[in-house]
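Asker: Sharing final-v3.txt, compact mmCIF, C-alpha atoms:
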# COMPACT_ATOMS: atom_id res chain seq x y z
CA MET A 351 41.12 -18.87 14.51
CA ARG A 352 41.40 -15.10 14.37
CA LEU A 353 39.11 -15.00 11.31
CA SER A 354 36.74 -17.83 12.16
CA ASP A 355 35.88 -16.67 15.69
CA PRO A 356 34.42 -13.29 14.59
CA LEU A 357 32.56 -15.02 11.77
CA ARG A 358 31.08 -17.55 14.16
CA GLY A 359 30.14 -14.71 16.50
CA ALA A 360 28.48 -12.72 13.71
CA SER A 361 26.61 -15.83 12.57
CA ALA A 362 25.35 -16.46 16.10
CA ARG A 363 24.26 -12.83 16.49
CA PHE A 364 22.39 -12.95 13.17
CA ALA A 365 20.67 -16.22 14.11
CA HIS A 366 19.62 -14.67 17.43
CA LEU A 367 18.36 -11.51 15.66
CA ARG A 368 16.41 -13.55 13.10
CA SER A 369 14.84 -15.69 15.84
CA ALA A 370 13.91 -12.62 17.90
CA GLY A 371 12.48 -10.88 14.85
CA ALA A 372 10.39 -13.91 13.91
CA ARG A 373 9.00 -14.06 17.47
CA GLN A 374 8.12 -10.36 17.35
CA ALA A 375 6.42 -10.78 13.98
CA ALA A 376 4.47 -13.79 15.25
CA ASP A 377 3.41 -11.91 18.40
CA TRP A 378 2.36 -8.92 16.28
CA ASN A 379 0.28 -11.12 13.98
CA GLU A 380 -1.46 -12.79 16.95
CA ARG A 381 -2.40 -9.34 18.30
CA MET A 382 -3.73 -8.32 14.88
CA LEU A 383 -5.79 -11.51 14.63
CA ALA A 384 -7.28 -10.84 18.08
CA GLN A 385 -8.12 -7.25 17.12
CA ALA A 386 -9.65 -8.37 13.83
CA GLY A 387 -11.86 -10.83 15.69
CA ASP A 388 -13.37 -8.32 18.12
CA GLY A 389 -15.23 -6.40 15.40
CA THR A 390 -13.42 -3.09 15.93
CA ARG A 391 -11.07 -3.12 12.93
CA ARG A 392 -11.95 -3.51 9.28
CA GLY A 393 -9.88 -3.54 6.14
CA THR A 394 -6.23 -3.87 5.20
CA ARG A 395 -3.95 -0.85 5.27
CA TRP A 396 -0.47 -0.15 4.02
CA GLY A 397 1.27 3.06 4.84
CA ARG A 398 1.22 4.56 8.32
CA SER A 399 3.77 3.00 10.66
CA ALA A 400 6.86 0.80 10.54
CA LEU A 401 7.73 -2.72 11.58
CA ALA A 402 10.71 -0.87 13.00
CA ALA A 403 11.68 -3.47 15.60
CA VAL A 404 12.53 -6.13 13.03
CA PRO A 405 14.99 -6.06 10.11
CA ALA A 406 13.24 -5.98 6.74
CA ALA A 407 14.32 -9.46 5.64
CA VAL A 408 12.97 -11.03 8.83
CA ALA A 409 9.71 -9.07 8.69
CA VAL A 410 9.06 -9.98 5.05
CA GLY A 411 9.96 -13.62 5.66
CA ALA A 412 7.48 -13.87 8.52
CA LEU A 413 4.85 -12.02 6.49
CA GLY A 414 5.32 -14.40 3.56
CA THR A 415 4.91 -17.40 5.88
CA ALA A 416 1.70 -15.95 7.30
CA LEU A 417 0.31 -15.30 3.83
CA ALA A 418 1.18 -18.82 2.68
CA GLY A 419 -0.63 -20.25 5.71
CA GLY A 420 -3.66 -18.01 5.25
CA ALA A 421 -3.21 -16.61 8.76
CA LEU A 422 -2.36 -12.96 8.09
CA ALA A 423 -4.58 -10.60 10.08
CA ALA A 424 -6.61 -7.91 8.36
CA GLY A 425 -4.57 -4.78 9.00
CA PHE A 426 -0.85 -4.21 8.60
CA ASN A 427 1.36 -1.17 8.07
CA ILE A 428 4.70 -0.54 6.36
CA THR A 429 6.15 2.95 6.63
CA HIS A 430 5.73 6.61 7.50
CA GLN A 431 7.27 7.47 4.13
CA PRO A 432 5.38 7.65 0.81
CA PHE A 433 5.61 4.64 -1.46
CA THR A 434 5.17 4.05 -5.19
CA LEU A 435 2.30 2.05 -6.68
CA THR A 436 2.19 1.23 -10.39
CA SER A 437 -0.05 -0.90 -12.58
CA ASN A 438 -0.43 -1.51 -16.30
CA GLY A 439 -3.96 -0.19 -15.95
CA VAL A 440 -6.95 0.26 -13.65
CA SER A 441 -10.65 0.24 -14.41
CA GLY A 442 -13.20 0.92 -11.70
CA THR A 443 -16.82 1.67 -10.96
CA GLY A 444 -18.33 3.52 -8.05
CA PHE A 445 -15.40 5.90 -8.39
CA GLY A 446 -14.85 9.08 -6.39
CA ALA A 447 -11.97 11.45 -5.62
CA ILE A 448 -11.43 14.48 -3.38
CA VAL A 449 -8.65 16.83 -2.34
CA ASN A 450 -7.94 16.82 1.40
CA THR A 451 -5.16 17.43 3.95
CA PRO A 452 -4.82 14.26 6.04
CA ALA A 453 -2.62 13.85 9.10
CA VAL A 454 0.85 12.78 7.97
CA GLY A 455 3.53 11.31 10.22
CA GLU A 456 6.75 13.31 10.45
CA ALA A 457 10.27 11.97 11.03
CA ASP A 458 10.24 13.27 14.62
CA GLY A 459 7.10 11.29 15.46
CA THR A 460 4.68 14.23 15.24
CA THR A 461 1.90 14.64 12.69
CA SER A 462 0.92 17.54 10.48
CA THR A 463 -1.90 18.43 8.10
CA ARG A 464 0.10 20.71 5.82
CA THR A 465 0.19 18.43 2.77
CA GLY A 466 -2.59 18.51 0.21
CA MET A 467 -3.41 15.08 -1.22
CA THR A 468 -5.89 13.28 -3.41
CA ARG A 469 -8.05 10.59 -1.85
CA VAL A 470 -9.45 8.16 -4.42
CA GLY A 471 -11.94 5.37 -3.85
CA PHE A 472 -13.43 2.57 -5.94
CA SER A 473 -16.36 0.40 -4.89
CA GLN A 474 -15.16 -2.06 -7.55
CA ALA A 475 -11.68 -1.97 -9.11
CA ARG A 476 -9.81 -4.19 -11.55
CA LEU A 477 -6.04 -3.83 -11.94
CA ALA A 478 -3.64 -5.18 -14.56
CA GLY A 479 -0.83 -6.25 -12.27
CA LEU A 480 0.45 -4.41 -9.20
CA CYS A 481 3.90 -3.17 -8.18
CA GLY A 482 4.47 -1.50 -4.82
CA ILE A 483 7.88 -0.08 -3.85
CA VAL A 484 8.82 1.12 -0.35
CA HIS A 485 12.23 2.72 0.25
CA GLN A 486 13.70 2.37 3.73
CA ARG A 487 17.02 2.43 5.57
CA PHE A 488 18.18 -0.02 8.20
CA ALA A 489 21.40 0.59 10.13
CA GLY A 490 22.17 3.34 7.61
CA VAL A 491 21.88 0.99 4.62
CA PRO A 492 19.22 1.68 1.94
CA TYR A 493 16.96 -1.14 0.81
CA SER A 494 13.66 -1.52 -1.04
CA LEU A 495 10.64 -3.62 -0.17
CA LEU A 496 8.89 -4.80 -3.34
CA LEU A 497 5.31 -6.07 -3.40
CA THR A 498 4.12 -7.59 -6.68
CA ALA A 499 0.98 -9.45 -7.75
CA GLY A 500 -0.65 -10.49 -10.99
CA GLN A 501 0.98 -9.86 -14.34
CA LYS A 502 4.35 -8.13 -14.60
CA VAL A 503 4.01 -4.36 -14.52
CA GLU A 504 5.88 -2.97 -17.50
CA GLU A 505 7.85 0.21 -16.86
CA GLY A 506 6.41 3.03 -18.95
CA SER A 507 3.34 0.99 -19.99
CA SER A 508 0.56 3.18 -21.42
CA GLY A 509 -1.29 0.93 -23.90
CA SER A 510 -4.24 -1.41 -23.66
CA PHE A 511 -4.45 -3.70 -20.63
CA THR A 512 -6.21 -6.83 -19.40
CA PRO A 513 -6.97 -6.75 -15.63
CA ASP A 514 -6.15 -9.78 -13.48
CA ILE A 515 -6.63 -8.39 -9.94
CA GLU A 516 -10.05 -7.79 -8.36
CA ALA A 517 -10.66 -5.40 -5.45
CA LYS A 518 -13.72 -4.16 -3.58
CA ASN A 519 -13.79 -0.87 -1.67
CA LEU A 520 -10.23 0.15 -2.55
CA TYR A 521 -8.91 3.53 -1.35
CA LEU A 522 -5.66 5.40 -2.05
CA GLN A 523 -4.29 8.54 -0.41
CA ALA A 524 -1.66 10.08 -2.67
CA THR A 525 0.30 13.27 -3.27
CA ASP A 526 0.60 12.40 -6.96
CA LEU A 527 -1.69 10.07 -8.93
CA GLY A 528 -1.96 9.86 -12.69
CA SER A 529 -1.74 7.75 -15.82
CA ARG A 530 0.90 7.37 -18.54
CA GLY A 531 -1.74 6.91 -21.24
CA ALA A 532 -5.37 7.77 -21.86
CA THR A 533 -7.86 8.16 -19.02
CA ARG A 534 -11.57 7.73 -19.58
CA LEU A 535 -14.24 9.05 -17.20
CA GLU A 536 -17.94 8.25 -17.49
CA ASN A 537 -20.97 9.50 -15.59
CA THR A 538 -18.76 11.87 -13.60
CA VAL A 539 -19.21 15.36 -12.19
CA ILE A 540 -15.95 17.33 -12.18
CA GLY A 541 -15.83 19.96 -9.45
CA GLN A 542 -18.42 18.45 -7.14
CA SER A 543 -18.15 19.56 -3.51
CA ALA A 544 -15.93 17.06 -1.72
CA ASP A 545 -18.47 16.38 1.02
CA GLN A 546 -20.98 15.29 -1.65
CA VAL A 547 -18.67 12.62 -3.12
CA SER A 548 -19.37 9.08 -1.92
CA VAL A 549 -17.93 5.64 -2.58
CA ALA A 550 -19.89 2.49 -1.70
CA GLY A 551 -22.53 4.75 -0.16
CA LYS A 552 -20.14 6.53 2.21
CA PRO A 553 -18.32 9.92 2.02
CA LEU A 554 -14.57 9.88 1.56
CA SER A 555 -12.70 10.57 4.78
CA GLY A 556 -11.28 14.06 5.18
CA ALA A 557 -13.85 15.63 2.85
CA GLN A 558 -14.53 19.34 3.45
CA PRO A 559 -17.52 21.30 2.09
CA GLY A 560 -16.49 23.31 -0.94
CA ALA A 561 -13.23 21.40 -1.52
CA PHE A 562 -12.66 19.95 -4.99
CA GLY A 563 -14.12 16.56 -5.80
CA LEU A 564 -14.96 14.14 -8.62
CA GLY A 565 -18.25 12.40 -8.04
CA SER A 566 -21.03 10.52 -9.73
CA ALA A 567 -23.59 12.20 -11.95
CA GLY A 568 -26.10 9.58 -10.77
CA GLY A 569 -27.44 6.45 -12.36
CA GLU A 570 -26.66 2.76 -11.98
CA GLY A 571 -23.06 1.96 -11.07
CA GLY A 572 -22.12 5.57 -10.38
CA ALA A 573 -19.02 7.14 -11.90
CA SER A 574 -16.49 4.95 -13.70
CA ILE A 575 -12.87 5.42 -14.72
CA SER A 576 -10.26 3.67 -16.84
CA LEU A 577 -6.57 4.59 -16.50
CA ARG A 578 -3.80 3.24 -18.71
CA GLY A 579 -0.50 2.99 -16.86
CA LEU A 580 -1.28 3.96 -13.25
CA VAL A 581 1.49 5.75 -11.30
CA ALA A 582 0.88 6.91 -7.71
CA GLN A 583 3.03 8.34 -4.94
CA ALA A 584 0.88 7.10 -2.09
CA HIS A 585 0.87 7.59 1.66
CA ASP A 586 -1.89 5.10 2.38
CA ALA A 587 -3.63 2.20 0.67
CA GLU A 588 -6.72 0.64 2.22
CA ILE A 589 -8.80 -2.36 1.22
CA ALA A 590 -12.05 -1.95 3.13
CA GLY A 591 -13.59 -4.89 1.29
CA SER A 592 -11.58 -7.70 -0.31
CA MET A 593 -8.80 -8.12 -2.85
CA GLU A 594 -7.73 -11.11 -4.92
CA LEU A 595 -3.95 -11.01 -5.45
CA PRO A 596 -2.72 -13.78 -7.79
CA GLY A 597 0.96 -14.60 -7.39
CA LEU A 598 1.54 -12.25 -4.44
CA ASN A 599 5.25 -11.82 -3.76
CA LEU A 600 7.12 -9.77 -1.13
CA ARG A 601 10.88 -9.39 -1.28
CA VAL A 602 13.69 -7.07 -0.16
CA VAL A 603 16.44 -5.86 -2.50
CA PRO A 604 19.46 -3.67 -1.74
CA GLY A 605 19.49 -0.04 -2.83
CA SER A 606 16.64 2.18 -4.01
CA ALA A 607 14.68 0.22 -6.59
CA THR A 608 12.65 2.12 -9.21
CA SER A 609 10.74 -0.82 -10.71
CA CYS A 610 9.63 -4.32 -9.78
Go through the file and emit its structure as structure tokens.

Answerer:
Amino acid sequence: MRLSDPLRGASARFAHLRSAGARQAADWNERMLAQAGDGTRRGTRWGRSALAAVPAAVAVGALGTALAGGALAAGFNITHQPFTLTSNGVSGTGFGAIVNTPAVGEADGTTSTRTGMTRVGFSQARLAGLCGIVHQRFAGVPYSLLLTAGQKVEEGSSGSFTPDIEAKNLYLQATDLGSRGATRLENTVIGQSADQVSVAGKPLSGAQPGAFGLGSAGGEGGASISLRGLVAQAHDAEIAGSMELPGLNLRVVPGSATSC
């Protein structure tokens, strides 16, 4: 009795927490659906605020259910902290990139613009698999949220690749973005003024006149890029158009994962 009573109590508390978390997640999703329907919000974002009121396992479980039912609203966030995105390769057209200093959330709830970052956009992008890793702590315990889609992303991959993910109007905001292998640029102006760089006919947000940019040299399709083995330390990922994610999977693992 001395052992079973605390266990029964812990089980009841966990069941209550899971139920409360699921209700919060459902309420959140209903609000997002309502906002998406009023025409004031476009795109899907990862990266600016936390589902802090719900434990990670509950949040991911509810998110997975929403995805399976096709009911997930356009627009959700994960964390104030940077996260890692990797892919076996990325090829894109209508490519543009600038250096800017976006507002970044601090641990104390304030924002600052002290961090220089690269903002990259593609009007059309094709990725060979996707692995996203978010590190968080809950009740002092470290865990990792893993998002995977498409083919398995091979750690250290830098060779040829075959894309299996399609995206339109994809944007990344990152402190570090590069490739493990060869990168090929075509029809690109290196050193173009940031305010002159456009993706899908629009300037990249945060662009300042005279700041560094990579833009199109003109012509059909604009600038294009091919990266083998994409690695990015990102603060924000936005899909302003659409994205096909075959085999999308979200899961939580203990500790600080370094690969999917």

Asker: With distances taken over all atoms listed in the file, which residue among A:Val484, A:Leu522, A:Ala567, A:Ala557 lies nearest A:Asp586?

Answerer: A:Leu522

Asker: Compile the contact shell of A:Gly556 as a ChimeraX atom specification: residues with an atom at most 9 Å away, counting all atoms listed in the file, same-chain residues fewer than 4 positions apart removed.

Answerer: /A:448-452,469,544-545

Asker: Next, write the just-selected residues to a file, as a compact mmCIF listing (two decimals), in the coordinates of the input, keeping C-alpha atoms as the atom set.

Answerer:
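Contents of the output file again27.txt:
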# COMPACT_ATOMS: atom_id res chain seq x y z
CA ILE A 448 -11.43 14.48 -3.38
CA VAL A 449 -8.65 16.83 -2.34
CA ASN A 450 -7.94 16.82 1.40
CA THR A 451 -5.16 17.43 3.95
CA PRO A 452 -4.82 14.26 6.04
CA ARG A 469 -8.05 10.59 -1.85
CA ALA A 544 -15.93 17.06 -1.72
CA ASP A 545 -18.47 16.38 1.02

Asker: For A:Leu595, which residue among A:Arg476, A:Arg578, A:Arg534, A:Arg464 is the nearest when counting all atoms listed in the file?

Answerer: A:Arg476

Asker: Could you pull the residues within 7 Å of stretch 527-529 of chain A, counting only C-alpha atoms, minus those fewer than 3 positions along the same chain, as a ChimeraX atom specification?

Answerer: /A:524,533,577-583

Asker: Can I get the selection written as a short mmCIF file (atom, residue, chain, number, x, y, z; two decimals), keeping the file's coordinate frame, with C-alpha atoms?

Answerer:
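Listing of result32.cif after writing:
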data_model
loop_
_atom_site.label_atom_id
_atom_site.label_comp_id
_atom_site.auth_asym_id
_atom_site.auth_seq_id
_atom_site.Cartn_x
_atom_site.Cartn_y
_atom_site.Cartn_z
CA ALA A 524 -1.66 10.08 -2.67
CA THR A 533 -7.86 8.16 -19.02
CA LEU A 577 -6.57 4.59 -16.50
CA ARG A 578 -3.80 3.24 -18.71
CA GLY A 579 -0.50 2.99 -16.86
CA LEU A 580 -1.28 3.96 -13.25
CA VAL A 581 1.49 5.75 -11.30
CA ALA A 582 0.88 6.91 -7.71
CA GLN A 583 3.03 8.34 -4.94
#

Asker: Of the candidates A:Gly444, A:Gly471, A:Gly506, A:Gly560, which shows the shortest atom-to-atom distance to A:Thr538, using all atoms listed in the file?

Answerer: A:Gly444

Asker: Which of these, A:Thr443, A:Gln523, A:Ser473, A:Gln486, has the shortest distance to A:Val603 once you count only C-alpha atoms?

Answerer: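 Comparing A:Thr443, A:Gln523, A:Ser473, A:Gln486 against A:Val603, the winner is A:Gln486.
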
Asker: Using all atoms listed in the file for the distances, tell me which of A:Ser508, A:Ser566, A:Thr525, A:Thr434 is nearest to A:Leu495.

Answerer: A:Thr434

Asker: Do you know which residues are at most 12 Å from A:Ala499 counting all atoms listed in the file, after dropping those on the same chain fewer than 3 positions away, and could you put them as a list of chain:residue names?

Answerer: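 Neighbouring residues, sequence-local ones excluded: A:Leu435, A:Thr436, A:Ser437, A:Asn438, A:Leu477, A:Ala478, A:Gly479, A:Leu480, A:Cys481, A:Gly482, A:Leu496, A:Lys502, A:Val503, A:Pro513, A:Asp514, A:Ile515, A:Glu516, A:Met593, A:Glu594, A:Leu595, A:Pro596, A:Gly597, A:Leu598, A:Asn599, A:Leu600, A:Arg601, A:Cys610.
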
Asker: Those same residues, written as a PDB file, in the frame of the given file with C-alpha atoms?

Answerer:
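Below is the file again.pdb, written as the result:
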ATOM      1  CA  LEU A 435       2.300   2.050  -6.680  1.00  0.00           C
ATOM      2  CA  THR A 436       2.190   1.230 -10.390  1.00  0.00           C
ATOM      3  CA  SER A 437      -0.050  -0.900 -12.580  1.00  0.00           C
ATOM      4  CA  ASN A 438      -0.430  -1.510 -16.300  1.00  0.00           C
ATOM      5  CA  LEU A 477      -6.040  -3.830 -11.940  1.00  0.00           C
ATOM      6  CA  ALA A 478      -3.640  -5.180 -14.560  1.00  0.00           C
ATOM      7  CA  GLY A 479      -0.830  -6.250 -12.270  1.00  0.00           C
ATOM      8  CA  LEU A 480       0.450  -4.410  -9.200  1.00  0.00           C
ATOM      9  CA  CYS A 481       3.900  -3.170  -8.180  1.00  0.00           C
ATOM     10  CA  GLY A 482       4.470  -1.500  -4.820  1.00  0.00           C
ATOM     11  CA  LEU A 496       8.890  -4.800  -3.340  1.00  0.00           C
ATOM     12  CA  LYS A 502       4.350  -8.130 -14.600  1.00  0.00           C
ATOM     13  CA  VAL A 503       4.010  -4.360 -14.520  1.00  0.00           C
ATOM     14  CA  PRO A 513      -6.970  -6.750 -15.630  1.00  0.00           C
ATOM     15  CA  ASP A 514      -6.150  -9.780 -13.480  1.00  0.00           C
ATOM     16  CA  ILE A 515      -6.630  -8.390  -9.940  1.00  0.00           C
ATOM     17  CA  GLU A 516     -10.050  -7.790  -8.360  1.00  0.00           C
ATOM     18  CA  MET A 593      -8.800  -8.120  -2.850  1.00  0.00           C
ATOM     19  CA  GLU A 594      -7.730 -11.110  -4.920  1.00  0.00           C
ATOM     20  CA  LEU A 595      -3.950 -11.010  -5.450  1.00  0.00           C
ATOM     21  CA  PRO A 596      -2.720 -13.780  -7.790  1.00  0.00           C
ATOM     22  CA  GLY A 597       0.960 -14.600  -7.390  1.00  0.00           C
ATOM     23  CA  LEU A 598       1.540 -12.250  -4.440  1.00  0.00           C
ATOM     24  CA  ASN A 599       5.250 -11.820  -3.760  1.00  0.00           C
ATOM     25  CA  LEU A 600       7.120  -9.770  -1.130  1.00  0.00           C
ATOM     26  CA  ARG A 601      10.880  -9.390  -1.280  1.00  0.00           C
ATOM     27  CA  CYS A 610       9.630  -4.320  -9.780  1.00  0.00           C
TER      28      CYS A 610
END

Asker: Measuring between all atoms listed in the file, which one of A:Glu536, A:Asp526, A:Glu570, A:Glu505 shows the shortest distance to A:Ala584?

Answerer: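 Counting all atoms listed in the file, the residue closest to A:Ala584 is A:Asp526.
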
Asker: Expressed in Å to a single decimal, how great is the separation between atom CA of A:Ala489 and atom CA of A:Thr463?

Answerer: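 Atom CA of A:Thr463 lies 29.4 Å from atom CA of A:Ala489.
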
Asker: Expressed in Å to a single decimal, how great is the separation between atom CA of A:Gly605 and atom CA of A:Ser494?

Answerer: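 Result for atom CA of A:Gly605 versus atom CA of A:Ser494: 6.3 Å, one decimal.
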
Asker: Please compute the atom CA of A:Ser548-atom CA of A:Ala532 distance, one decimal, in Å.

Answerer: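 Pair atom CA of A:Ser548 / atom CA of A:Ala532 returns 24.4 Å.
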
Asker: Please complete stretch 451-473 of chain A so it has N, CA, C and O atoms, and hand it over as a tab-separated table (two decimals), in the coordinates of the input.

Answerer:
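File written: part-v4.tsv
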chain	number	residue	atom	x	y	z
A	451	THR	N	-6.46	17.23	3.27
A	451	THR	CA	-5.16	17.43	3.95
A	451	THR	C	-5.12	16.50	5.16
A	451	THR	O	-5.36	16.92	6.29
A	452	PRO	N	-4.81	15.24	4.94
A	452	PRO	CA	-4.82	14.26	6.04
A	452	PRO	C	-3.65	14.45	6.98
A	452	PRO	O	-2.66	15.12	6.66
A	453	ALA	N	-3.74	13.85	8.16
A	453	ALA	CA	-2.62	13.85	9.10
A	453	ALA	C	-1.51	12.96	8.57
A	453	ALA	O	-1.75	11.81	8.20
A	454	VAL	N	-0.30	13.51	8.50
A	454	VAL	CA	0.85	12.78	7.97
A	454	VAL	C	1.91	12.69	9.04
A	454	VAL	O	2.24	13.69	9.69
A	455	GLY	N	2.47	11.50	9.24
A	455	GLY	CA	3.53	11.31	10.22
A	455	GLY	C	4.82	11.96	9.79
A	455	GLY	O	5.23	11.84	8.63
A	456	GLU	N	5.46	12.69	10.72
A	456	GLU	CA	6.75	13.31	10.45
A	456	GLU	C	7.88	12.46	11.01
A	456	GLU	O	7.65	11.54	11.80
A	457	ALA	N	9.11	12.75	10.59
A	457	ALA	CA	10.27	11.97	11.03
A	457	ALA	C	10.46	12.02	12.55
A	457	ALA	O	10.99	11.09	13.15
A	458	ASP	N	10.04	13.13	13.18
A	458	ASP	CA	10.24	13.27	14.62
A	458	ASP	C	9.11	12.64	15.44
A	458	ASP	O	9.06	12.79	16.66
A	459	GLY	N	8.19	11.95	14.77
A	459	GLY	CA	7.10	11.29	15.46
A	459	GLY	C	5.83	12.11	15.58
A	459	GLY	O	4.80	11.59	16.01
A	460	THR	N	5.87	13.39	15.21
A	460	THR	CA	4.68	14.23	15.24
A	460	THR	C	3.89	14.05	13.94
A	460	THR	O	4.31	13.37	13.02
A	461	THR	N	2.72	14.66	13.90
A	461	THR	CA	1.90	14.64	12.69
A	461	THR	C	1.57	16.06	12.27
A	461	THR	O	1.57	16.97	13.10
A	462	SER	N	1.30	16.23	10.98
A	462	SER	CA	0.92	17.54	10.48
A	462	SER	C	-0.17	17.36	9.42
A	462	SER	O	-0.37	16.26	8.89
A	463	THR	N	-0.86	18.44	9.14
A	463	THR	CA	-1.90	18.43	8.10
A	463	THR	C	-1.59	19.50	7.06
A	463	THR	O	-2.50	20.15	6.54
A	464	ARG	N	-0.32	19.66	6.74
A	464	ARG	CA	0.10	20.71	5.82
A	464	ARG	C	0.15	20.25	4.36
A	464	ARG	O	0.32	21.07	3.47
A	465	THR	N	0.01	18.96	4.12
A	465	THR	CA	0.19	18.43	2.77
A	465	THR	C	-1.14	18.13	2.10
A	465	THR	O	-1.93	17.33	2.60
A	466	GLY	N	-1.39	18.80	0.97
A	466	GLY	CA	-2.59	18.51	0.21
A	466	GLY	C	-2.43	17.21	-0.58
A	466	GLY	O	-1.39	16.96	-1.18
A	467	MET	N	-3.46	16.37	-0.54
A	467	MET	CA	-3.41	15.08	-1.22
A	467	MET	C	-4.73	14.80	-1.92
A	467	MET	O	-5.74	15.48	-1.69
A	468	THR	N	-4.69	13.78	-2.76
A	468	THR	CA	-5.89	13.28	-3.41
A	468	THR	C	-6.29	11.97	-2.76
A	468	THR	O	-5.44	11.07	-2.62
A	469	ARG	N	-7.53	11.87	-2.34
A	469	ARG	CA	-8.05	10.59	-1.85
A	469	ARG	C	-8.99	10.03	-2.90
A	469	ARG	O	-9.95	10.69	-3.31
A	470	VAL	N	-8.70	8.82	-3.35
A	470	VAL	CA	-9.45	8.16	-4.42
A	470	VAL	C	-10.05	6.88	-3.89
A	470	VAL	O	-9.39	6.13	-3.15
A	471	GLY	N	-11.29	6.61	-4.27
A	471	GLY	CA	-11.94	5.37	-3.85
A	471	GLY	C	-12.66	4.70	-5.01
A	471	GLY	O	-13.13	5.36	-5.94
A	472	PHE	N	-12.70	3.37	-4.96
A	472	PHE	CA	-13.43	2.57	-5.94
A	472	PHE	C	-14.29	1.56	-5.17
A	472	PHE	O	-13.77	0.84	-4.32
A	473	SER	N	-15.57	1.47	-5.48
A	473	SER	CA	-16.36	0.40	-4.89
A	473	SER	C	-16.00	-0.94	-5.54
A	473	SER	O	-16.03	-1.99	-4.90
